[in-house]
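Data from run13.pdb: PDB, N, CA and C atoms
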```pdb
ATOM      1  N   MET A  10      -8.152  63.652 111.358
ATOM      2  CA  MET A  10      -8.460  62.662 110.343
ATOM      3  C   MET A  10      -7.400  62.727 109.253
ATOM      4  N   ASN A  11      -6.817  61.608 108.950
ATOM      5  CA  ASN A  11      -5.798  61.527 107.917
ATOM      6  C   ASN A  11      -6.471  61.085 106.622
ATOM      7  N   ASN A  12      -6.660  62.020 105.717
ATOM      8  CA  ASN A  12      -7.357  61.734 104.480
ATOM      9  C   ASN A  12      -6.346  61.503 103.364
ATOM     10  N   LYS A  13      -6.229  60.264 102.934
ATOM     11  CA  LYS A  13      -5.290  59.921 101.875
ATOM     12  C   LYS A  13      -5.992  59.725 100.540
ATOM     13  N   TYR A  14      -7.228  60.147 100.460
ATOM     14  CA  TYR A  14      -7.999  60.014  99.218
ATOM     15  C   TYR A  14      -7.408  60.896  98.128
ATOM     16  N   ILE A  15      -7.177  60.300  96.971
ATOM     17  CA  ILE A  15      -6.692  61.031  95.816
ATOM     18  C   ILE A  15      -7.676  60.766  94.680
ATOM     19  N   PRO A  16      -8.442  61.775  94.251
ATOM     20  CA  PRO A  16      -9.412  61.557  93.170
ATOM     21  C   PRO A  16      -8.728  61.048  91.906
ATOM     22  N   ALA A  17      -9.366  60.109  91.241
ATOM     23  CA  ALA A  17      -8.813  59.538  90.013
ATOM     24  C   ALA A  17      -9.935  59.316  88.999
ATOM     25  N   PRO A  18     -10.492  60.414  88.469
ATOM     26  CA  PRO A  18     -11.565  60.247  87.485
ATOM     27  C   PRO A  18     -11.032  59.609  86.205
ATOM     28  N   THR A  19     -11.930  59.008  85.447
ATOM     29  CA  THR A  19     -11.568  58.436  84.153
ATOM     30  C   THR A  19     -11.035  59.545  83.257
ATOM     31  N   ASP A  20      -9.941  59.271  82.594
ATOM     32  CA  ASP A  20      -9.368  60.253  81.665
ATOM     33  C   ASP A  20     -10.239  60.296  80.414
ATOM     34  N   THR A  21     -10.892  61.409  80.208
ATOM     35  CA  THR A  21     -11.770  61.581  79.046
ATOM     36  C   THR A  21     -11.199  62.606  78.073
ATOM     37  N   SER A  22      -9.929  62.956  78.226
ATOM     38  CA  SER A  22      -9.338  64.019  77.410
ATOM     39  C   SER A  22      -9.298  63.671  75.922
ATOM     40  N   ALA A  23      -9.313  62.393  75.570
ATOM     41  CA  ALA A  23      -9.269  61.997  74.162
ATOM     42  C   ALA A  23     -10.664  61.909  73.534
ATOM     43  N   ILE A  24     -11.684  62.090  74.339
ATOM     44  CA  ILE A  24     -13.064  61.987  73.858
ATOM     45  C   ILE A  24     -13.544  63.364  73.425
ATOM     46  N   SER A  25     -14.097  63.425  72.232
ATOM     47  CA  SER A  25     -14.668  64.693  71.773
ATOM     48  C   SER A  25     -16.177  64.539  71.619
ATOM     49  N   ILE A  26     -16.851  65.621  71.841
ATOM     50  CA  ILE A  26     -18.303  65.644  71.717
ATOM     51  C   ILE A  26     -18.645  66.560  70.553
ATOM     52  N   GLY A  27     -19.400  66.033  69.618
ATOM     53  CA  GLY A  27     -19.759  66.798  68.428
ATOM     54  C   GLY A  27     -20.836  67.828  68.703
ATOM     55  N   PRO A  28     -21.003  68.745  67.769
ATOM     56  CA  PRO A  28     -22.002  69.815  67.936
ATOM     57  C   PRO A  28     -23.435  69.287  67.978
ATOM     58  N   ASP A  29     -23.635  68.060  67.511
ATOM     59  CA  ASP A  29     -24.978  67.486  67.544
ATOM     60  C   ASP A  29     -25.467  67.216  68.972
ATOM     61  N   LEU A  30     -24.551  67.246  69.935
ATOM     62  CA  LEU A  30     -24.945  66.998  71.332
ATOM     63  C   LEU A  30     -25.042  68.278  72.158
ATOM     64  N   GLU A  31     -24.863  69.431  71.536
ATOM     65  CA  GLU A  31     -24.914  70.684  72.298
ATOM     66  C   GLU A  31     -26.250  70.882  73.010
ATOM     67  N   GLY A  32     -27.338  70.561  72.336
ATOM     68  CA  GLY A  32     -28.648  70.684  72.972
ATOM     69  C   GLY A  32     -28.790  69.759  74.158
ATOM     70  N   LEU A  33     -28.249  68.548  74.020
ATOM     71  CA  LEU A  33     -28.296  67.584  75.121
ATOM     72  C   LEU A  33     -27.463  68.079  76.294
ATOM     73  N   ILE A  34     -26.314  68.654  75.992
ATOM     74  CA  ILE A  34     -25.450  69.180  77.061
ATOM     75  C   ILE A  34     -26.197  70.239  77.863
ATOM     76  N   GLU A  35     -26.847  71.160  77.184
ATOM     77  CA  GLU A  35     -27.569  72.229  77.892
ATOM     78  C   GLU A  35     -28.738  71.659  78.690
ATOM     79  N   ALA A  36     -29.449  70.688  78.115
ATOM     80  CA  ALA A  36     -30.559  70.059  78.832
ATOM     81  C   ALA A  36     -30.055  69.321  80.068
ATOM     82  N   MET A  37     -28.921  68.626  79.933
ATOM     83  CA  MET A  37     -28.343  67.933  81.084
ATOM     84  C   MET A  37     -27.884  68.920  82.148
ATOM     85  N   ALA A  38     -27.262  70.010  81.721
ATOM     86  CA  ALA A  38     -26.790  71.016  82.681
ATOM     87  C   ALA A  38     -27.963  71.578  83.476
ATOM     88  N   ARG A  39     -29.054  71.868  82.784
ATOM     89  CA  ARG A  39     -30.254  72.368  83.464
ATOM     90  C   ARG A  39     -30.746  71.339  84.473
ATOM     91  N   ASN A  40     -30.761  70.061  84.064
ATOM     92  CA  ASN A  40     -31.241  69.017  84.963
ATOM     93  C   ASN A  40     -30.308  68.822  86.152
ATOM     94  N   VAL A  41     -29.001  68.933  85.921
ATOM     95  CA  VAL A  41     -28.030  68.848  87.024
ATOM     96  C   VAL A  41     -28.379  69.899  88.080
ATOM     97  N   HIS A  42     -28.661  71.113  87.618
ATOM     98  CA  HIS A  42     -29.019  72.182  88.558
ATOM     99  C   HIS A  42     -30.332  71.860  89.271
ATOM    100  N   GLU A  43     -31.315  71.381  88.522
ATOM    101  CA  GLU A  43     -32.621  71.064  89.118
ATOM    102  C   GLU A  43     -32.504  69.982  90.191
ATOM    103  N   VAL A  44     -31.703  68.948  89.899
ATOM    104  CA  VAL A  44     -31.506  67.868  90.878
ATOM    105  C   VAL A  44     -30.816  68.418  92.129
ATOM    106  N   TRP A  45     -29.779  69.228  91.919
ATOM    107  CA  TRP A  45     -29.063  69.829  93.048
ATOM    108  C   TRP A  45     -30.006  70.694  93.883
ATOM    109  N   ALA A  46     -30.766  71.571  93.216
ATOM    110  CA  ALA A  46     -31.659  72.493  93.928
ATOM    111  C   ALA A  46     -32.748  71.732  94.676
ATOM    112  N   GLU A  47     -33.301  70.725  94.039
ATOM    113  CA  GLU A  47     -34.333  69.924  94.696
ATOM    114  C   GLU A  47     -33.788  69.282  95.971
ATOM    115  N   GLY A  48     -32.583  68.737  95.899
ATOM    116  CA  GLY A  48     -31.970  68.123  97.078
ATOM    117  C   GLY A  48     -31.723  69.124  98.188
ATOM    118  N   ARG A  49     -31.203  70.293  97.818
ATOM    119  CA  ARG A  49     -30.980  71.327  98.830
ATOM    120  C   ARG A  49     -32.286  71.720  99.506
ATOM    121  N   MET A  50     -33.312  71.969  98.694
ATOM    122  CA  MET A  50     -34.599  72.392  99.255
ATOM    123  C   MET A  50     -35.203  71.299 100.126
ATOM    124  N   ARG A  51     -35.052  70.057  99.719
ATOM    125  CA  ARG A  51     -35.543  68.941 100.519
ATOM    126  C   ARG A  51     -34.840  68.895 101.877
ATOM    127  N   ASP A  52     -33.569  69.349 101.890
ATOM    128  CA  ASP A  52     -32.802  69.378 103.133
ATOM    129  C   ASP A  52     -33.021  70.658 103.938
ATOM    130  N   GLY A  53     -33.978  71.483 103.512
ATOM    131  CA  GLY A  53     -34.333  72.672 104.284
ATOM    132  C   GLY A  53     -33.674  73.964 103.839
ATOM    133  N   TRP A  54     -32.916  73.932 102.765
ATOM    134  CA  TRP A  54     -32.281  75.150 102.267
ATOM    135  C   TRP A  54     -33.311  75.995 101.535
ATOM    136  N   ARG A  55     -33.048  77.312 101.489
ATOM    137  CA  ARG A  55     -33.899  78.225 100.740
ATOM    138  C   ARG A  55     -33.027  79.336 100.160
ATOM    139  N   TYR A  56     -33.624  80.090  99.279
ATOM    140  CA  TYR A  56     -32.874  81.156  98.625
ATOM    141  C   TYR A  56     -32.459  82.229  99.628
ATOM    142  N   GLY A  57     -31.249  82.725  99.451
ATOM    143  CA  GLY A  57     -30.740  83.880 100.180
ATOM    144  C   GLY A  57     -29.702  84.545  99.305
ATOM    145  N   PRO A  58     -29.595  85.860  99.348
ATOM    146  CA  PRO A  58     -28.672  86.565  98.459
ATOM    147  C   PRO A  58     -27.198  86.216  98.695
ATOM    148  N   VAL A  59     -26.904  85.702  99.891
ATOM    149  CA  VAL A  59     -25.535  85.291 100.234
ATOM    150  C   VAL A  59     -25.618  83.903 100.863
ATOM    151  N   ARG A  60     -24.691  83.028 100.475
ATOM    152  CA  ARG A  60     -24.684  81.683 101.049
ATOM    153  C   ARG A  60     -24.401  81.759 102.540
ATOM    154  N   ASP A  61     -25.205  81.037 103.303
ATOM    155  CA  ASP A  61     -25.068  80.997 104.756
ATOM    156  C   ASP A  61     -25.346  79.563 105.191
ATOM    157  N   GLU A  62     -24.283  78.831 105.508
ATOM    158  CA  GLU A  62     -24.403  77.418 105.886
ATOM    159  C   GLU A  62     -25.315  77.223 107.091
ATOM    160  N   GLU A  63     -25.118  78.056 108.103
ATOM    161  CA  GLU A  63     -25.880  77.894 109.334
ATOM    162  C   GLU A  63     -27.367  78.135 109.123
ATOM    163  N   ALA A  64     -27.712  79.165 108.365
ATOM    164  CA  ALA A  64     -29.112  79.494 108.100
ATOM    165  C   ALA A  64     -29.687  78.705 106.928
ATOM    166  N   LYS A  65     -28.847  77.912 106.255
ATOM    167  CA  LYS A  65     -29.241  77.138 105.083
ATOM    168  C   LYS A  65     -29.820  78.039 103.993
ATOM    169  N   LEU A  66     -29.051  79.065 103.657
ATOM    170  CA  LEU A  66     -29.419  79.973 102.568
ATOM    171  C   LEU A  66     -28.395  79.820 101.452
ATOM    172  N   HIS A  67     -28.870  79.868 100.196
ATOM    173  CA  HIS A  67     -27.965  79.736  99.058
ATOM    174  C   HIS A  67     -28.459  80.606  97.916
ATOM    175  N   SER A  68     -27.548  81.371  97.341
ATOM    176  CA  SER A  68     -27.904  82.305  96.272
ATOM    177  C   SER A  68     -28.172  81.611  94.934
ATOM    178  N   CYS A  69     -27.838  80.342  94.818
ATOM    179  CA  CYS A  69     -28.067  79.630  93.557
ATOM    180  C   CYS A  69     -29.375  78.847  93.535
ATOM    181  N   LEU A  70     -30.196  79.021  94.539
ATOM    182  CA  LEU A  70     -31.507  78.370  94.524
ATOM    183  C   LEU A  70     -32.483  79.230  93.729
ATOM    184  N   VAL A  71     -32.191  79.324  92.449
ATOM    185  CA  VAL A  71     -32.968  80.094  91.476
ATOM    186  C   VAL A  71     -33.085  79.246  90.216
ATOM    187  N   PRO A  72     -33.998  79.606  89.309
ATOM    188  CA  PRO A  72     -34.066  78.868  88.045
ATOM    189  C   PRO A  72     -32.728  78.924  87.304
ATOM    190  N   TYR A  73     -32.461  77.887  86.528
ATOM    191  CA  TYR A  73     -31.199  77.753  85.793
ATOM    192  C   TYR A  73     -30.858  79.011  85.014
ATOM    193  N   GLU A  74     -31.835  79.563  84.313
ATOM    194  CA  GLU A  74     -31.562  80.739  83.474
ATOM    195  C   GLU A  74     -31.199  81.975  84.298
ATOM    196  N   ASP A  75     -31.497  81.967  85.591
ATOM    197  CA  ASP A  75     -31.148  83.096  86.453
ATOM    198  C   ASP A  75     -29.807  82.925  87.158
ATOM    199  N   LEU A  76     -29.150  81.793  86.939
ATOM    200  CA  LEU A  76     -27.838  81.559  87.544
ATOM    201  C   LEU A  76     -26.790  82.461  86.903
ATOM    202  N   PRO A  77     -25.756  82.805  87.646
ATOM    203  CA  PRO A  77     -24.621  83.498  87.024
ATOM    204  C   PRO A  77     -23.987  82.583  85.978
ATOM    205  N   ASP A  78     -23.355  83.180  84.970
ATOM    206  CA  ASP A  78     -22.714  82.396  83.911
ATOM    207  C   ASP A  78     -21.749  81.361  84.470
ATOM    208  N   SER A  79     -21.015  81.713  85.513
ATOM    209  CA  SER A  79     -20.031  80.782  86.076
ATOM    210  C   SER A  79     -20.698  79.527  86.636
ATOM    211  N   GLU A  80     -21.871  79.677  87.209
ATOM    212  CA  GLU A  80     -22.590  78.517  87.762
ATOM    213  C   GLU A  80     -23.167  77.656  86.647
ATOM    214  N   ARG A  81     -23.704  78.286  85.603
ATOM    215  CA  ARG A  81     -24.211  77.512  84.465
ATOM    216  C   ARG A  81     -23.055  76.759  83.792
ATOM    217  N   GLU A  82     -21.892  77.392  83.709
ATOM    218  CA  GLU A  82     -20.734  76.737  83.112
ATOM    219  C   GLU A  82     -20.291  75.545  83.968
ATOM    220  N   TYR A  83     -20.381  75.649  85.266
ATOM    221  CA  TYR A  83     -20.058  74.530  86.163
ATOM    222  C   TYR A  83     -20.977  73.352  85.873
ATOM    223  N   ASP A  84     -22.283  73.624  85.718
ATOM    224  CA  ASP A  84     -23.248  72.563  85.415
ATOM    225  C   ASP A  84     -22.993  71.983  84.024
ATOM    226  N   ARG A  85     -22.642  72.824  83.064
ATOM    227  CA  ARG A  85     -22.311  72.336  81.715
ATOM    228  C   ARG A  85     -21.089  71.421  81.766
ATOM    229  N   HIS A  86     -20.091  71.810  82.533
ATOM    230  CA  HIS A  86     -18.878  70.994  82.670
ATOM    231  C   HIS A  86     -19.241  69.611  83.217
ATOM    232  N   THR A  87     -20.104  69.565  84.213
ATOM    233  CA  THR A  87     -20.552  68.285  84.766
ATOM    234  C   THR A  87     -21.242  67.462  83.692
ATOM    235  N   ALA A  88     -22.099  68.096  82.904
ATOM    236  CA  ALA A  88     -22.803  67.392  81.832
ATOM    237  C   ALA A  88     -21.824  66.870  80.784
ATOM    238  N   VAL A  89     -20.897  67.707  80.357
ATOM    239  CA  VAL A  89     -19.917  67.305  79.342
ATOM    240  C   VAL A  89     -19.082  66.137  79.840
ATOM    241  N   GLU A  90     -18.588  66.223  81.064
ATOM    242  CA  GLU A  90     -17.759  65.139  81.588
ATOM    243  C   GLU A  90     -18.553  63.850  81.758
ATOM    244  N   THR A  91     -19.822  63.956  82.084
ATOM    245  CA  THR A  91     -20.669  62.765  82.185
ATOM    246  C   THR A  91     -20.849  62.128  80.820
ATOM    247  N   LEU A  92     -21.135  62.933  79.807
ATOM    248  CA  LEU A  92     -21.275  62.409  78.443
ATOM    249  C   LEU A  92     -19.968  61.790  77.954
ATOM    250  N   LYS A  93     -18.860  62.455  78.207
ATOM    251  CA  LYS A  93     -17.565  61.932  77.786
ATOM    252  C   LYS A  93     -17.251  60.607  78.486
ATOM    253  N   PHE A  94     -17.623  60.487  79.746
ATOM    254  CA  PHE A  94     -17.426  59.229  80.471
ATOM    255  C   PHE A  94     -18.235  58.119  79.813
ATOM    256  N   ILE A  95     -19.494  58.392  79.511
ATOM    257  CA  ILE A  95     -20.362  57.399  78.867
ATOM    258  C   ILE A  95     -19.749  56.956  77.532
ATOM    259  N   LEU A  96     -19.314  57.930  76.735
ATOM    260  CA  LEU A  96     -18.701  57.612  75.441
ATOM    261  C   LEU A  96     -17.399  56.828  75.605
ATOM    262  N   SER A  97     -16.624  57.159  76.637
ATOM    263  CA  SER A  97     -15.349  56.462  76.859
ATOM    264  C   SER A  97     -15.551  54.994  77.208
ATOM    265  N   LYS A  98     -16.735  54.650  77.677
ATOM    266  CA  LYS A  98     -17.038  53.273  78.036
ATOM    267  C   LYS A  98     -17.631  52.494  76.865
ATOM    268  N   GLY A  99     -17.668  53.135  75.678
ATOM    269  CA  GLY A  99     -18.101  52.443  74.481
ATOM    270  C   GLY A  99     -19.567  52.614  74.118
ATOM    271  N   TYR A 100     -20.299  53.351  74.905
ATOM    272  CA  TYR A 100     -21.704  53.580  74.597
ATOM    273  C   TYR A 100     -21.831  54.615  73.488
ATOM    274  N   ARG A 101     -22.925  54.539  72.769
ATOM    275  CA  ARG A 101     -23.214  55.536  71.737
ATOM    276  C   ARG A 101     -24.439  56.325  72.177
ATOM    277  N   ILE A 102     -24.463  57.568  71.824
ATOM    278  CA  ILE A 102     -25.599  58.418  72.135
ATOM    279  C   ILE A 102     -26.258  58.773  70.814
ATOM    280  N   LEU A 103     -27.488  58.318  70.662
ATOM    281  CA  LEU A 103     -28.207  58.529  69.412
ATOM    282  C   LEU A 103     -29.367  59.485  69.651
ATOM    283  N   PRO A 104     -29.681  60.311  68.641
ATOM    284  CA  PRO A 104     -30.823  61.224  68.804
ATOM    285  C   PRO A 104     -32.127  60.439  68.850
ATOM    286  N   PRO A 105     -33.143  60.987  69.494
ATOM    287  CA  PRO A 105     -34.431  60.290  69.526
ATOM    288  C   PRO A 105     -34.998  60.137  68.105
ATOM    289  N   GLN A 106     -35.712  59.071  67.897
ATOM    290  CA  GLN A 106     -36.313  58.811  66.573
ATOM    291  C   GLN A 106     -37.697  59.406  66.476
TER
END
```

With the file now loaded, output its structure as structure tokens.
Amino acid sequence: MNNKYIPAPTDTSAISIGPDLEGLIEAMARNVHEVWAEGRMRDGWRYGPVRDEEAKLHSCLVPYEDLPDSEREYDRHTAVETLKFILSKGYRILPPQ
């Protein structure tokens, strides 16, 4: 298979996120993990201390707070980039009233 796909995400490097969104970032990161875990479990995956594709075992099928720091940071990065994308498109994010 000749794969000529070259990822081209929106450049969000000029977008900054203020400290007022830190709580939202953490909540989004937690939800990113929950959505991922739910999908894996729906597909028959279960917790295992070592990832095993064939047996459908994954060490990250644990609550968010039990994830290694590197995995939580991965989810935070996804949340931050999603927020930055939304802001880059001109949307505003306002706190709940």

Which of A:Tyr14, A:Thr21, A:Val44, A:Pro58 sits closest to Ser97 in chain A [using only N, CA and C atoms] | A:Thr21

Explicit residues for the PyMOL selection byres ((chain A and resi 54) around 8) (as a VMD selection string) = chain A and resid 48 to 53 55 to 57 64 to 67 70

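Put simply, the PyMOL selection byres (((chain A and resi 105 and name CA) around 12) and name CA) in this file takes in Leu30, Leu33, Ile102, Leu103, Pro104 and Gln106 of chain A.
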
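The two atoms in question, atom N of Arg85 in chain A and atom C of Lys13 in chain A, are spaced 27.5 Å apart.
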
Report the centre and edge lengths, in Å to one decimal, of an axis-aligned box enclosing every atom of range 48-52 of chain A listed in the file, padded by 4 Å on each side, as AutoDock Vina command-line options.
```
--center_x -33.3 --center_y 70.3 --center_z 99.9 --size_x 12.6 --size_y 12.3 --size_z 16.0
```

Name the residues captured by the PyMOL selection byres (((chain A and resi 22-29 and name CA) around 12) and name CA) when it is applied to the shown file; answer as a PDB file with N, CA and C atoms, keeping the file's coordinate frame.
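Once written, expr02.pdb looks like this:
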```
ATOM      1  N   PRO A  18     -10.492  60.414  88.469  1.00  0.00           N
ATOM      2  CA  PRO A  18     -11.565  60.247  87.485  1.00  0.00           C
ATOM      3  C   PRO A  18     -11.032  59.609  86.205  1.00  0.00           C
ATOM      4  N   THR A  19     -11.930  59.008  85.447  1.00  0.00           N
ATOM      5  CA  THR A  19     -11.568  58.436  84.153  1.00  0.00           C
ATOM      6  C   THR A  19     -11.035  59.545  83.257  1.00  0.00           C
ATOM      7  N   ASP A  20      -9.941  59.271  82.594  1.00  0.00           N
ATOM      8  CA  ASP A  20      -9.368  60.253  81.665  1.00  0.00           C
ATOM      9  C   ASP A  20     -10.239  60.296  80.414  1.00  0.00           C
ATOM     10  N   THR A  21     -10.892  61.409  80.208  1.00  0.00           N
ATOM     11  CA  THR A  21     -11.770  61.581  79.046  1.00  0.00           C
ATOM     12  C   THR A  21     -11.199  62.606  78.073  1.00  0.00           C
ATOM     13  N   LEU A  30     -24.551  67.246  69.935  1.00  0.00           N
ATOM     14  CA  LEU A  30     -24.945  66.998  71.332  1.00  0.00           C
ATOM     15  C   LEU A  30     -25.042  68.278  72.158  1.00  0.00           C
ATOM     16  N   GLU A  31     -24.863  69.431  71.536  1.00  0.00           N
ATOM     17  CA  GLU A  31     -24.914  70.684  72.298  1.00  0.00           C
ATOM     18  C   GLU A  31     -26.250  70.882  73.010  1.00  0.00           C
ATOM     19  N   GLY A  32     -27.338  70.561  72.336  1.00  0.00           N
ATOM     20  CA  GLY A  32     -28.648  70.684  72.972  1.00  0.00           C
ATOM     21  C   GLY A  32     -28.790  69.759  74.158  1.00  0.00           C
ATOM     22  N   LEU A  33     -28.249  68.548  74.020  1.00  0.00           N
ATOM     23  CA  LEU A  33     -28.296  67.584  75.121  1.00  0.00           C
ATOM     24  C   LEU A  33     -27.463  68.079  76.294  1.00  0.00           C
ATOM     25  N   ILE A  34     -26.314  68.654  75.992  1.00  0.00           N
ATOM     26  CA  ILE A  34     -25.450  69.180  77.061  1.00  0.00           C
ATOM     27  C   ILE A  34     -26.197  70.239  77.863  1.00  0.00           C
ATOM     28  N   GLU A  35     -26.847  71.160  77.184  1.00  0.00           N
ATOM     29  CA  GLU A  35     -27.569  72.229  77.892  1.00  0.00           C
ATOM     30  C   GLU A  35     -28.738  71.659  78.690  1.00  0.00           C
ATOM     31  N   ALA A  88     -22.099  68.096  82.904  1.00  0.00           N
ATOM     32  CA  ALA A  88     -22.803  67.392  81.832  1.00  0.00           C
ATOM     33  C   ALA A  88     -21.824  66.870  80.784  1.00  0.00           C
ATOM     34  N   VAL A  89     -20.897  67.707  80.357  1.00  0.00           N
ATOM     35  CA  VAL A  89     -19.917  67.305  79.342  1.00  0.00           C
ATOM     36  C   VAL A  89     -19.082  66.137  79.840  1.00  0.00           C
ATOM     37  N   GLU A  90     -18.588  66.223  81.064  1.00  0.00           N
ATOM     38  CA  GLU A  90     -17.759  65.139  81.588  1.00  0.00           C
ATOM     39  C   GLU A  90     -18.553  63.850  81.758  1.00  0.00           C
ATOM     40  N   THR A  91     -19.822  63.956  82.084  1.00  0.00           N
ATOM     41  CA  THR A  91     -20.669  62.765  82.185  1.00  0.00           C
ATOM     42  C   THR A  91     -20.849  62.128  80.820  1.00  0.00           C
ATOM     43  N   LEU A  92     -21.135  62.933  79.807  1.00  0.00           N
ATOM     44  CA  LEU A  92     -21.275  62.409  78.443  1.00  0.00           C
ATOM     45  C   LEU A  92     -19.968  61.790  77.954  1.00  0.00           C
ATOM     46  N   LYS A  93     -18.860  62.455  78.207  1.00  0.00           N
ATOM     47  CA  LYS A  93     -17.565  61.932  77.786  1.00  0.00           C
ATOM     48  C   LYS A  93     -17.251  60.607  78.486  1.00  0.00           C
ATOM     49  N   PHE A  94     -17.623  60.487  79.746  1.00  0.00           N
ATOM     50  CA  PHE A  94     -17.426  59.229  80.471  1.00  0.00           C
ATOM     51  C   PHE A  94     -18.235  58.119  79.813  1.00  0.00           C
ATOM     52  N   ILE A  95     -19.494  58.392  79.511  1.00  0.00           N
ATOM     53  CA  ILE A  95     -20.362  57.399  78.867  1.00  0.00           C
ATOM     54  C   ILE A  95     -19.749  56.956  77.532  1.00  0.00           C
ATOM     55  N   LEU A  96     -19.314  57.930  76.735  1.00  0.00           N
ATOM     56  CA  LEU A  96     -18.701  57.612  75.441  1.00  0.00           C
ATOM     57  C   LEU A  96     -17.399  56.828  75.605  1.00  0.00           C
ATOM     58  N   SER A  97     -16.624  57.159  76.637  1.00  0.00           N
ATOM     59  CA  SER A  97     -15.349  56.462  76.859  1.00  0.00           C
ATOM     60  C   SER A  97     -15.551  54.994  77.208  1.00  0.00           C
ATOM     61  N   LYS A  98     -16.735  54.650  77.677  1.00  0.00           N
ATOM     62  CA  LYS A  98     -17.038  53.273  78.036  1.00  0.00           C
ATOM     63  C   LYS A  98     -17.631  52.494  76.865  1.00  0.00           C
ATOM     64  N   GLY A  99     -17.668  53.135  75.678  1.00  0.00           N
ATOM     65  CA  GLY A  99     -18.101  52.443  74.481  1.00  0.00           C
ATOM     66  C   GLY A  99     -19.567  52.614  74.118  1.00  0.00           C
ATOM     67  N   ARG A 101     -22.925  54.539  72.769  1.00  0.00           N
ATOM     68  CA  ARG A 101     -23.214  55.536  71.737  1.00  0.00           C
ATOM     69  C   ARG A 101     -24.439  56.325  72.177  1.00  0.00           C
ATOM     70  N   ILE A 102     -24.463  57.568  71.824  1.00  0.00           N
ATOM     71  CA  ILE A 102     -25.599  58.418  72.135  1.00  0.00           C
ATOM     72  C   ILE A 102     -26.258  58.773  70.814  1.00  0.00           C
ATOM     73  N   LEU A 103     -27.488  58.318  70.662  1.00  0.00           N
ATOM     74  CA  LEU A 103     -28.207  58.529  69.412  1.00  0.00           C
ATOM     75  C   LEU A 103     -29.367  59.485  69.651  1.00  0.00           C
ATOM     76  N   PRO A 104     -29.681  60.311  68.641  1.00  0.00           N
ATOM     77  CA  PRO A 104     -30.823  61.224  68.804  1.00  0.00           C
ATOM     78  C   PRO A 104     -32.127  60.439  68.850  1.00  0.00           C
TER      79      PRO A 104
END
```

Quick one, how far is CA of His42 in chain A from CA of Tyr100 in chain A?
->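 Value for the CA of His42 in chain A-CA of Tyr100 in chain A distance: 24.4 Å.
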
Would you mind reading off the distance between atom C of Asp61 in chain A and atom C of Asp75 in chain A, one decimal, in Å?
->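 According to the coordinates, atom C of Asp61 in chain A and atom C of Asp75 in chain A are separated by 18.9 Å.
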
Output as a PDB file, keeping the file's coordinate frame: range 64-68 of chain A, completed with all heavy atoms.
```pdb
ATOM      1  N   ALA A  64     -27.712  79.165 108.365  1.00  0.00           N
ATOM      2  CA  ALA A  64     -29.112  79.494 108.100  1.00  0.00           C
ATOM      3  C   ALA A  64     -29.687  78.705 106.928  1.00  0.00           C
ATOM      4  O   ALA A  64     -30.875  78.809 106.631  1.00  0.00           O
ATOM      5  CB  ALA A  64     -29.253  80.991 107.832  1.00  0.00           C
ATOM      6  N   LYS A  65     -28.847  77.912 106.255  1.00  0.00           N
ATOM      7  CA  LYS A  65     -29.241  77.138 105.083  1.00  0.00           C
ATOM      8  C   LYS A  65     -29.820  78.039 103.993  1.00  0.00           C
ATOM      9  O   LYS A  65     -30.900  77.805 103.467  1.00  0.00           O
ATOM     10  CB  LYS A  65     -30.222  76.028 105.458  1.00  0.00           C
ATOM     11  CG  LYS A  65     -29.592  74.905 106.256  1.00  0.00           C
ATOM     12  CD  LYS A  65     -30.537  73.738 106.383  1.00  0.00           C
ATOM     13  CE  LYS A  65     -29.805  72.545 106.983  1.00  0.00           C
ATOM     14  NZ  LYS A  65     -30.668  71.365 107.042  1.00  0.00           N
ATOM     15  N   LEU A  66     -29.051  79.065 103.657  1.00  0.00           N
ATOM     16  CA  LEU A  66     -29.419  79.973 102.568  1.00  0.00           C
ATOM     17  C   LEU A  66     -28.395  79.820 101.452  1.00  0.00           C
ATOM     18  O   LEU A  66     -27.198  79.675 101.714  1.00  0.00           O
ATOM     19  CB  LEU A  66     -29.412  81.425 103.055  1.00  0.00           C
ATOM     20  CG  LEU A  66     -30.368  81.777 104.190  1.00  0.00           C
ATOM     21  CD1 LEU A  66     -30.161  83.223 104.615  1.00  0.00           C
ATOM     22  CD2 LEU A  66     -31.810  81.537 103.770  1.00  0.00           C
ATOM     23  N   HIS A  67     -28.870  79.868 100.196  1.00  0.00           N
ATOM     24  CA  HIS A  67     -27.965  79.736  99.058  1.00  0.00           C
ATOM     25  C   HIS A  67     -28.459  80.606  97.916  1.00  0.00           C
ATOM     26  O   HIS A  67     -29.632  80.568  97.554  1.00  0.00           O
ATOM     27  CB  HIS A  67     -27.880  78.280  98.606  1.00  0.00           C
ATOM     28  CG  HIS A  67     -26.624  77.957  97.883  1.00  0.00           C
ATOM     29  ND1 HIS A  67     -26.294  78.529  96.668  1.00  0.00           N
ATOM     30  CD2 HIS A  67     -25.604  77.130  98.189  1.00  0.00           C
ATOM     31  CE1 HIS A  67     -25.140  78.057  96.264  1.00  0.00           C
ATOM     32  NE2 HIS A  67     -24.684  77.206  97.173  1.00  0.00           N
ATOM     33  N   SER A  68     -27.548  81.371  97.341  1.00  0.00           N
ATOM     34  CA  SER A  68     -27.904  82.305  96.272  1.00  0.00           C
ATOM     35  C   SER A  68     -28.172  81.611  94.934  1.00  0.00           C
ATOM     36  O   SER A  68     -28.703  82.240  94.019  1.00  0.00           O
ATOM     37  CB  SER A  68     -26.797  83.344  96.089  1.00  0.00           C
ATOM     38  OG  SER A  68     -25.592  82.702  95.717  1.00  0.00           O
TER      39      SER A  68
END
```
